[in-house]
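Participant: Next comes protein_0.pdb, PDB, C-alpha atoms:
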ATOM      1  CA  MET L   1      15.783 -47.216 -78.870
ATOM      2  CA  ILE L   2      18.632 -45.672 -76.910
ATOM      3  CA  GLU L   3      17.808 -45.473 -73.213
ATOM      4  CA  LYS L   4      20.121 -43.606 -70.865
ATOM      5  CA  ARG L   5      20.835 -45.240 -67.497
ATOM      6  CA  SER L   6      22.346 -42.416 -65.470
ATOM      7  CA  PHE L   7      24.901 -43.241 -62.787
ATOM      8  CA  ASP L   8      22.676 -41.643 -60.142
ATOM      9  CA  SER L   9      19.804 -43.989 -61.041
ATOM     10  CA  LEU L  10      21.787 -47.200 -60.483
ATOM     11  CA  GLY L  11      21.433 -49.554 -57.549
ATOM     12  CA  HIS L  12      23.916 -48.974 -54.744
ATOM     13  CA  PHE L  13      25.706 -51.030 -52.095
ATOM     14  CA  GLN L  14      28.433 -49.820 -49.759
ATOM     15  CA  ASN L  15      30.324 -51.228 -46.807
ATOM     16  CA  GLY L  16      33.702 -50.444 -45.264
ATOM     17  CA  TRP L  17      35.771 -51.525 -48.273
ATOM     18  CA  LEU L  18      33.404 -51.788 -51.261
ATOM     19  CA  ASN L  19      31.424 -49.069 -53.006
ATOM     20  CA  ALA L  20      29.335 -50.678 -55.753
ATOM     21  CA  LYS L  21      26.831 -49.428 -58.301
ATOM     22  CA  HIS L  22      24.569 -51.910 -60.098
ATOM     23  CA  HIS L  23      23.303 -51.328 -63.636
ATOM     24  CA  PHE L  24      21.004 -54.356 -63.244
ATOM     25  CA  SER L  25      19.234 -56.027 -60.330
ATOM     26  CA  PHE L  26      21.866 -57.592 -58.077
ATOM     27  CA  GLY L  27      22.106 -58.627 -54.439
ATOM     28  CA  GLY L  28      19.784 -56.462 -52.375
ATOM     29  CA  TYR L  29      18.951 -54.199 -55.322
ATOM     30  CA  PHE L  30      15.893 -55.179 -57.372
ATOM     31  CA  ASP L  31      14.268 -53.338 -60.263
ATOM     32  CA  LYS L  32      11.831 -55.351 -62.385
ATOM     33  CA  ASP L  33      12.735 -53.192 -65.395
ATOM     34  CA  ARG L  34      16.469 -53.866 -64.982
ATOM     35  CA  LEU L  35      16.795 -57.635 -64.840
ATOM     36  CA  GLY L  36      19.331 -57.860 -67.645
ATOM     37  CA  TRP L  37      19.762 -57.019 -71.310
ATOM     38  CA  GLY L  38      19.628 -60.109 -73.480
ATOM     39  CA  ALA L  39      22.272 -62.540 -72.227
ATOM     40  CA  LEU L  40      23.887 -59.698 -70.226
ATOM     41  CA  ARG L  41      22.848 -60.251 -66.621
ATOM     42  CA  VAL L  42      25.124 -58.095 -64.398
ATOM     43  CA  TRP L  43      27.174 -54.923 -64.818
ATOM     44  CA  ASN L  44      28.653 -53.758 -61.533
ATOM     45  CA  ASP L  45      30.779 -50.644 -61.119
ATOM     46  CA  ASP L  46      32.970 -51.490 -58.102
ATOM     47  CA  GLU L  47      35.425 -49.409 -56.093
ATOM     48  CA  ILE L  48      37.627 -51.572 -53.838
ATOM     49  CA  GLN L  49      39.763 -50.114 -51.071
ATOM     50  CA  PRO L  50      43.506 -50.962 -50.856
ATOM     51  CA  GLY L  51      44.238 -54.321 -49.252
ATOM     52  CA  GLU L  52      40.599 -55.408 -49.459
ATOM     53  CA  GLY L  53      38.502 -57.588 -51.713
ATOM     54  CA  PHE L  54      36.175 -60.511 -52.232
ATOM     55  CA  ALA L  55      37.056 -63.532 -50.058
ATOM     56  CA  PRO L  56      36.881 -67.006 -51.657
ATOM     57  CA  HIS L  57      33.364 -67.696 -52.928
ATOM     58  CA  PRO L  58      31.762 -69.994 -55.530
ATOM     59  CA  HIS L  59      30.255 -69.388 -58.982
ATOM     60  CA  ARG L  60      28.802 -71.635 -61.634
ATOM     61  CA  ASP L  61      27.191 -71.274 -65.075
ATOM     62  CA  MET L  62      28.258 -67.688 -65.681
ATOM     63  CA  GLU L  63      30.788 -65.869 -67.865
ATOM     64  CA  ILE L  64      32.382 -63.209 -65.641
ATOM     65  CA  ILE L  65      34.395 -60.497 -67.371
ATOM     66  CA  THR L  66      36.382 -58.023 -65.259
ATOM     67  CA  TYR L  67      37.538 -54.769 -66.853
ATOM     68  CA  VAL L  68      39.994 -52.866 -64.657
ATOM     69  CA  ARG L  69      39.532 -49.088 -64.856
ATOM     70  CA  ASN L  70      42.054 -47.960 -62.234
ATOM     71  CA  GLY L  71      44.588 -49.802 -60.116
ATOM     72  CA  ALA L  72      44.764 -53.598 -60.372
ATOM     73  CA  ILE L  73      42.933 -56.713 -59.211
ATOM     74  CA  THR L  74      44.513 -60.016 -58.126
ATOM     75  CA  HIS L  75      42.657 -63.260 -58.863
ATOM     76  CA  ARG L  76      43.141 -66.672 -57.233
ATOM     77  CA  ASP L  77      41.024 -69.797 -57.703
ATOM     78  CA  ASN L  78      40.837 -73.451 -56.712
ATOM     79  CA  LEU L  79      42.159 -74.508 -60.137
ATOM     80  CA  GLY L  80      45.550 -73.045 -59.253
ATOM     81  CA  ASN L  81      45.196 -69.924 -61.381
ATOM     82  CA  GLU L  82      46.607 -66.667 -60.032
ATOM     83  CA  GLY L  83      47.025 -63.381 -61.868
ATOM     84  CA  ARG L  84      47.166 -59.624 -61.483
ATOM     85  CA  THR L  85      45.155 -57.598 -64.012
ATOM     86  CA  GLU L  86      46.017 -53.907 -64.391
ATOM     87  CA  ALA L  87      44.055 -50.873 -65.552
ATOM     88  CA  GLY L  88      42.835 -51.165 -69.138
ATOM     89  CA  ASP L  89      43.239 -54.950 -69.159
ATOM     90  CA  VAL L  90      40.684 -57.734 -68.892
ATOM     91  CA  GLN L  91      40.218 -61.082 -67.197
ATOM     92  CA  VAL L  92      37.545 -63.694 -67.990
ATOM     93  CA  MET L  93      36.318 -66.485 -65.755
ATOM     94  CA  SER L  94      34.044 -69.148 -67.225
ATOM     95  CA  ALA L  95      32.529 -70.587 -64.059
ATOM     96  CA  GLY L  96      31.128 -73.636 -65.875
ATOM     97  CA  SER L  97      30.320 -76.561 -63.575
ATOM     98  CA  GLY L  98      31.723 -74.658 -60.592
ATOM     99  CA  ILE L  99      34.727 -72.664 -59.421
ATOM    100  CA  MET L 100      35.874 -71.079 -56.160
ATOM    101  CA  HIS L 101      37.805 -67.819 -56.425
ATOM    102  CA  SER L 102      38.845 -64.625 -54.672
ATOM    103  CA  GLU L 103      39.570 -61.131 -56.000
ATOM    104  CA  PHE L 104      41.623 -58.654 -53.981
ATOM    105  CA  ASN L 105      43.053 -55.196 -54.398
ATOM    106  CA  ARG L 106      46.664 -55.790 -53.369
ATOM    107  CA  GLU L 107      47.670 -52.261 -54.384
ATOM    108  CA  ASP L 108      48.274 -49.102 -52.344
ATOM    109  CA  GLU L 109      45.545 -47.236 -54.218
ATOM    110  CA  LEU L 110      41.814 -47.540 -54.872
ATOM    111  CA  THR L 111      40.942 -50.080 -57.567
ATOM    112  CA  ARG L 112      37.964 -49.495 -59.848
ATOM    113  CA  ILE L 113      36.525 -52.263 -61.987
ATOM    114  CA  PHE L 114      33.572 -53.067 -64.192
ATOM    115  CA  GLN L 115      32.408 -56.615 -63.512
ATOM    116  CA  ILE L 116      30.199 -57.954 -66.274
ATOM    117  CA  TRP L 117      28.263 -61.233 -66.081
ATOM    118  CA  ILE L 118      26.948 -62.926 -69.217
ATOM    119  CA  ILE L 119      24.750 -66.034 -69.152
ATOM    120  CA  PRO L 120      26.466 -68.855 -71.110
ATOM    121  CA  GLU L 121      24.779 -70.646 -74.002
ATOM    122  CA  THR L 122      24.839 -73.964 -72.137
ATOM    123  CA  GLU L 123      25.211 -74.989 -68.509
ATOM    124  CA  GLY L 124      28.198 -76.895 -67.140
ATOM    125  CA  GLY L 125      31.525 -77.324 -68.842
ATOM    126  CA  GLU L 126      35.083 -77.128 -67.577
ATOM    127  CA  PRO L 127      35.688 -73.958 -65.523
ATOM    128  CA  ARG L 128      38.519 -71.747 -66.762
ATOM    129  CA  TRP L 129      40.247 -68.397 -66.204
ATOM    130  CA  ASP L 130      42.324 -66.214 -68.514
ATOM    131  CA  ALA L 131      43.586 -62.638 -68.774
ATOM    132  CA  MET L 132      44.935 -60.399 -71.513
ATOM    133  CA  GLU L 133      46.531 -56.974 -71.874
ATOM    134  CA  PHE L 134      44.731 -54.426 -74.038
ATOM    135  CA  PRO L 135      46.862 -51.274 -74.490
ATOM    136  CA  LYS L 136      44.645 -48.223 -74.765
ATOM    137  CA  ALA L 137      46.640 -46.975 -77.755
ATOM    138  CA  ASP L 138      45.425 -50.009 -79.698
ATOM    139  CA  ARG L 139      41.821 -48.925 -79.074
ATOM    140  CA  ALA L 140      42.281 -45.311 -80.133
ATOM    141  CA  GLY L 141      39.391 -44.191 -82.305
ATOM    142  CA  GLU L 142      37.754 -47.599 -82.699
ATOM    143  CA  PHE L 143      36.242 -50.502 -80.806
ATOM    144  CA  VAL L 144      38.508 -53.479 -80.156
ATOM    145  CA  VAL L 145      37.045 -56.806 -79.036
ATOM    146  CA  LEU L 146      38.068 -57.703 -75.469
ATOM    147  CA  ALA L 147      36.092 -60.948 -75.195
ATOM    148  CA  SER L 148      34.027 -62.926 -77.677
ATOM    149  CA  GLY L 149      32.179 -66.155 -78.263
ATOM    150  CA  ASN L 150      34.314 -66.476 -81.415
ATOM    151  CA  PRO L 151      37.792 -65.168 -80.548
ATOM    152  CA  GLU L 152      39.354 -66.684 -83.677
ATOM    153  CA  ARG L 153      37.192 -64.333 -85.746
ATOM    154  CA  ASP L 154      36.928 -61.342 -83.419
ATOM    155  CA  GLY L 155      40.020 -61.504 -81.207
ATOM    156  CA  GLY L 156      39.976 -61.111 -77.444
ATOM    157  CA  LEU L 157      39.384 -63.659 -74.705
ATOM    158  CA  MET L 158      36.940 -66.529 -75.053
ATOM    159  CA  ILE L 159      33.467 -66.509 -73.533
ATOM    160  CA  ARG L 160      30.819 -69.204 -73.891
ATOM    161  CA  GLN L 161      28.100 -67.071 -75.448
ATOM    162  CA  ASP L 162      27.391 -65.484 -78.836
ATOM    163  CA  ALA L 163      28.359 -62.069 -77.502
ATOM    164  CA  LYS L 164      31.144 -59.507 -77.705
ATOM    165  CA  VAL L 165      32.692 -57.235 -75.107
ATOM    166  CA  SER L 166      34.522 -54.317 -76.739
ATOM    167  CA  GLY L 167      36.413 -51.228 -75.656
ATOM    168  CA  ALA L 168      37.324 -47.939 -77.305
ATOM    169  CA  THR L 169      39.151 -44.733 -76.413
ATOM    170  CA  LEU L 170      38.077 -41.573 -78.226
ATOM    171  CA  THR L 171      39.616 -38.124 -78.068
ATOM    172  CA  ALA L 172      37.335 -35.087 -77.900
ATOM    173  CA  GLY L 173      35.542 -34.642 -81.223
ATOM    174  CA  GLN L 174      36.176 -38.170 -82.496
ATOM    175  CA  THR L 175      33.264 -40.297 -83.665
ATOM    176  CA  VAL L 176      32.769 -44.025 -84.139
ATOM    177  CA  THR L 177      29.785 -45.659 -85.857
ATOM    178  CA  GLN L 178      28.494 -49.095 -84.873
ATOM    179  CA  THR L 179      26.007 -51.356 -86.656
ATOM    180  CA  LEU L 180      23.584 -53.578 -84.776
ATOM    181  CA  SER L 181      21.639 -56.342 -86.494
ATOM    182  CA  GLN L 182      17.935 -56.699 -85.803
ATOM    183  CA  ASP L 183      18.339 -59.652 -83.426
ATOM    184  CA  ARG L 184      21.086 -58.004 -81.370
ATOM    185  CA  GLN L 185      21.189 -55.459 -78.582
ATOM    186  CA  ALA L 186      23.965 -53.494 -76.946
ATOM    187  CA  TYR L 187      24.734 -52.006 -73.565
ATOM    188  CA  LEU L 188      27.581 -49.570 -73.081
ATOM    189  CA  VAL L 189      29.073 -47.622 -70.198
ATOM    190  CA  LEU L 190      31.486 -44.695 -70.207
ATOM    191  CA  ALA L 191      34.447 -45.600 -68.008
ATOM    192  CA  GLN L 192      35.406 -41.941 -68.213
ATOM    193  CA  GLY L 193      34.677 -38.843 -70.267
ATOM    194  CA  LYS L 194      31.523 -37.548 -71.920
ATOM    195  CA  ALA L 195      29.862 -38.594 -75.161
ATOM    196  CA  ARG L 196      26.704 -38.336 -77.245
ATOM    197  CA  ILE L 197      24.858 -41.228 -78.906
ATOM    198  CA  GLY L 198      22.348 -39.767 -81.332
ATOM    199  CA  GLU L 199      20.485 -37.262 -79.171
ATOM    200  CA  VAL L 200      21.410 -38.967 -75.879
ATOM    201  CA  GLU L 201      24.242 -37.434 -73.859
ATOM    202  CA  LEU L 202      26.207 -39.554 -71.385
ATOM    203  CA  ASP L 203      28.567 -38.579 -68.600
ATOM    204  CA  ALA L 204      31.241 -40.760 -67.016
ATOM    205  CA  ARG L 205      29.819 -44.034 -65.607
ATOM    206  CA  ASP L 206      26.409 -43.559 -67.238
ATOM    207  CA  GLY L 207      25.068 -46.498 -69.229
ATOM    208  CA  ALA L 208      23.021 -46.762 -72.416
ATOM    209  CA  ALA L 209      20.725 -49.648 -73.385
ATOM    210  CA  ILE L 210      20.427 -49.904 -77.165
ATOM    211  CA  ARG L 211      18.184 -52.031 -79.394
ATOM    212  CA  ASP L 212      16.060 -51.739 -82.559
ATOM    213  CA  VAL L 213      18.697 -49.380 -83.949
ATOM    214  CA  GLY L 214      20.469 -50.543 -87.105
ATOM    215  CA  GLU L 215      23.292 -48.050 -86.716
ATOM    216  CA  PHE L 216      24.376 -45.546 -84.099
ATOM    217  CA  THR L 217      27.179 -43.007 -83.890
ATOM    218  CA  ILE L 218      29.085 -42.156 -80.727
ATOM    219  CA  THR L 219      30.662 -38.692 -80.541
ATOM    220  CA  ALA L 220      33.179 -37.957 -77.810
ATOM    221  CA  LEU L 221      32.501 -34.568 -76.220
ATOM    222  CA  GLU L 222      35.750 -34.918 -74.275
ATOM    223  CA  ASP L 223      38.393 -37.640 -74.040
ATOM    224  CA  THR L 224      36.318 -40.760 -73.425
ATOM    225  CA  GLU L 225      36.786 -44.444 -72.608
ATOM    226  CA  ILE L 226      33.911 -46.817 -73.447
ATOM    227  CA  VAL L 227      33.125 -50.466 -72.724
ATOM    228  CA  MET L 228      30.300 -52.122 -74.664
ATOM    229  CA  VAL L 229      28.568 -55.515 -74.674
ATOM    230  CA  GLU L 230      26.740 -56.750 -77.766
ATOM    231  CA  THR L 231      24.560 -59.841 -77.382
ATOM    232  CA  ASN L 232      21.395 -61.622 -78.429
TER     233      ASN L 232
END
Please re-express this file's structure in C-alpha cells.

Facilitator:
Amino acid sequence: MIEKRSFDSLGHFQNGWLNAKHHFSFGGYFDKDRLGWGALRVWNDDEIQPGEGFAPHPHRDMEIITYVRNGAITHRDNLGNEGRTEAGDVQVMSAGSGIMHSEFNREDELTRIFQIWIIPETEGGEPRWDAMEFPKADRAGEFVVLASGNPERDGGLMIRQDAKVSGATLTAGQTVTQTLSQDRQAYLVLAQGKARIGEVELDARDGAAIRDVGEFTITALEDTEIVMVETN
C-alpha cells in the first residue's frame, strides 16, 4: 500500500509567526485515521518567521528530530546545550525523563523545518541533544541515514527506537529503490521537487504512507529532496 497524503489535505495551524502543517493529528488538529504511523507520531511542516520561535517548553518520552529545509534554527535547553542547525542538517533531542528547551529562528529570513516525533522504545532515561551536518552532495542519488536506533551500524544521530530517518537528493530522472521488510512501514515527504512512487505521484511537501510493500522505486520527475522514516 502506498497512500498519498497531499499537502492540501494536512492539518493546519497559523498565527503571527508560525505557519504549520500537520501530517498527523497534533494540537487542535484531529483525524482518527492519522494518529501516527507505527512508532512515528508527529510530522510537522513548520515555517517560522525571522526573530520568532518556540519559547521554553517541556517534553518527555519522545525522540524529536528536526530537519532544517531552509534557513536555520537555534536550540537552547536546560541541560546547557545550545546550537544552530542550518539547512540540510539535523538535530535530535531525546526528551527522556524530561527536558525544557526553546527553538528560535535567529536569522533574517524565513526558516522552514520538518519536525518529526518518534515514540521511544522505553520511557524515561537521561535527556540528551545532538546535531550533525549532512551535506546534500553526500546524499546525491541515494538515501543516507540521518538518525537511527543503531547509529554504529547505520550512521547518523542516535534515537531510542528501532527506526531510521533518512534523506536523499535526486536529480530529474534519477531513481532509487528501497526494500521494506514485512514488519516495517515507511513514511516519506518531499522537501522539494516532484517524484513518483510506483503509480503514485507526489509534489513538494506531499507525504506518502507505505506498508505491505516489499520493494518500491522512487523516480524523480524533477530535482527532488526527500526525507523518510522507517519504523516498526

Participant: Please identify every residue of stretch 134-181 of chain L that has at least one atom no farther than 12 Å from an atom of stretch 72-86 of chain L, counting only C-alpha atoms, and for each give the shortest atom pair and the distance in Å to one decimal, arranged by chain then increasing number, as CSV.

Facilitator:
residue,atom,partner,partner_atom,distance
L:Phe134,CA,L:Glu86,CA,9.7
L:Pro135,CA,L:Glu86,CA,10.5
L:Lys136,CA,L:Glu86,CA,11.9

Participant: Report as CSV: every residue of stretch 104-180 of chain L with an atom at most 8 Å from stretch 200-219 of chain L, its closest pair of atoms, and their distance in Å to one decimal, counting only C-alpha atoms, with rows sorted by chain and ascending residue number.

Facilitator:
residue,atom,partner,partner_atom,distance
L:Gly173,CA,L:Thr219,CA,6.4
L:Gln174,CA,L:Thr219,CA,5.9
L:Thr175,CA,L:Thr219,CA,4.4
L:Val176,CA,L:Ile218,CA,5.4
L:Thr177,CA,L:Thr217,CA,4.2
L:Gln178,CA,L:Phe216,CA,5.5
L:Thr179,CA,L:Glu215,CA,4.3
L:Leu180,CA,L:Gly214,CA,4.9

Participant: My list of candidates is L:Lys21, L:Arg112, L:Arg184, L:Arg128. Which is closest to L:Tyr67 when distances are computed with only C-alpha atoms?

Facilitator: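 The closest residue to L:Tyr67 is L:Arg112.
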
Participant: Could you tell me, as a ChimeraX atom specification, exactly which residues end up selected when the PyMOL selection byres ((chain L and resi 20) around 7) is applied to this structure?

Facilitator: /L:12-14,18-19,21-22,44-47

Participant: Apply the PyMOL selection byres ((chain L and resi 121) around 9) to the structure shown and report the selected residues as a VMD selection string.

Facilitator: chain L and resid 39 119 to 120 122 to 123 160 to 162

Participant: Going by the chain IDs and residue numbers used in this file, which residues fall under the PyMOL selection byres ((chain L and resi 126) around 6)? Write them as a list in words.

Facilitator: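 On the file shown, the PyMOL selection byres ((chain L and resi 126) around 6) covers Gly96, Gly125 and Pro127 of chain L.
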
Participant: Report, as JSON, the centre and edge lengths in Å (one decimal) of the axis-aligned box enclosing every listed atom of stretch 8-14 of chain L, padded by 8 Å on each side.

Facilitator:
{"center_x": 24.1, "center_y": -46.3, "center_z": -55.4, "size_x": 24.6, "size_y": 25.4, "size_z": 27.3}

Participant: Rounded to one decimal place, report the atom CA of L:Glu222-atom CA of L:Gln49 distance in Å.

Facilitator: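 These two atoms are separated by 28.0 Å.
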
Participant: List the spatial neighbours of L:Ala168 as an mmCIF file with C-alpha atoms, in the coordinates of the input - criterion: any atom at most 12 Å away, only C-alpha atoms, same-chain residues fewer than 3 positions off excluded.

Facilitator:
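Done, and the output landed in around26.cif:
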data_model
loop_
_atom_site.group_PDB
_atom_site.id
_atom_site.type_symbol
_atom_site.label_atom_id
_atom_site.label_comp_id
_atom_site.auth_asym_id
_atom_site.auth_seq_id
_atom_site.Cartn_x
_atom_site.Cartn_y
_atom_site.Cartn_z
ATOM 1 C CA GLY L 88 42.835 -51.165 -69.138
ATOM 2 C CA PHE L 134 44.731 -54.426 -74.038
ATOM 3 C CA PRO L 135 46.862 -51.274 -74.490
ATOM 4 C CA LYS L 136 44.645 -48.223 -74.765
ATOM 5 C CA ALA L 137 46.640 -46.975 -77.755
ATOM 6 C CA ASP L 138 45.425 -50.009 -79.698
ATOM 7 C CA ARG L 139 41.821 -48.925 -79.074
ATOM 8 C CA ALA L 140 42.281 -45.311 -80.133
ATOM 9 C CA GLY L 141 39.391 -44.191 -82.305
ATOM 10 C CA GLU L 142 37.754 -47.599 -82.699
ATOM 11 C CA PHE L 143 36.242 -50.502 -80.806
ATOM 12 C CA VAL L 144 38.508 -53.479 -80.156
ATOM 13 C CA VAL L 145 37.045 -56.806 -79.036
ATOM 14 C CA LEU L 146 38.068 -57.703 -75.469
ATOM 15 C CA VAL L 165 32.692 -57.235 -75.107
ATOM 16 C CA THR L 171 39.616 -38.124 -78.068
ATOM 17 C CA GLN L 174 36.176 -38.170 -82.496
ATOM 18 C CA THR L 175 33.264 -40.297 -83.665
ATOM 19 C CA VAL L 176 32.769 -44.025 -84.139
ATOM 20 C CA THR L 177 29.785 -45.659 -85.857
ATOM 21 C CA GLN L 178 28.494 -49.095 -84.873
ATOM 22 C CA LEU L 188 27.581 -49.570 -73.081
ATOM 23 C CA VAL L 189 29.073 -47.622 -70.198
ATOM 24 C CA LEU L 190 31.486 -44.695 -70.207
ATOM 25 C CA ALA L 191 34.447 -45.600 -68.008
ATOM 26 C CA GLN L 192 35.406 -41.941 -68.213
ATOM 27 C CA GLY L 193 34.677 -38.843 -70.267
ATOM 28 C CA ILE L 218 29.085 -42.156 -80.727
ATOM 29 C CA THR L 219 30.662 -38.692 -80.541
ATOM 30 C CA ALA L 220 33.179 -37.957 -77.810
ATOM 31 C CA ASP L 223 38.393 -37.640 -74.040
ATOM 32 C CA THR L 224 36.318 -40.760 -73.425
ATOM 33 C CA GLU L 225 36.786 -44.444 -72.608
ATOM 34 C CA ILE L 226 33.911 -46.817 -73.447
ATOM 35 C CA VAL L 227 33.125 -50.466 -72.724
ATOM 36 C CA MET L 228 30.300 -52.122 -74.664
ATOM 37 C CA VAL L 229 28.568 -55.515 -74.674
#

Participant: Rounded to one decimal in Å, what is the spacing between atom CA of L:Val42 and atom CA of L:Val92?

Facilitator: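 These atoms are spaced 14.1 Å apart.
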
Participant: Figure out the distance between atom CA of L:Ala163 and atom CA of L:Ala147, please, to one decimal in Å.

Facilitator: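 Between atom CA of L:Ala147 and atom CA of L:Ala163 the gap is 8.1 Å.
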
Participant: Write out as a PyMOL selection string each polymer residue whose atoms come within 10 Å of L:Gly38, counting only C-alpha atoms; drop sequence neighbours fewer than 4 positions from it.

Facilitator: chain L and resi 118-119+163+184-187+230-232

Participant: I'd like the neighbourhood of L:Ala95 as a PyMOL selection string, where a residue qualifies if any of its atoms comes within 9 Å (using all atoms listed in the file), though same-chain residues fewer than 5 positions away should be ignored.

Facilitator: chain L and resi 58-64+100+124-129

Participant: Can you work out which one of L:His23, L:Phe54, L:Ile2, L:Thr66 has the shortest atom-to-atom distance to L:Leu157, counting all atoms listed in the file?

Facilitator: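 Once distances to L:Leu157 are computed over all atoms listed in the file, the minimum belongs to L:Thr66.
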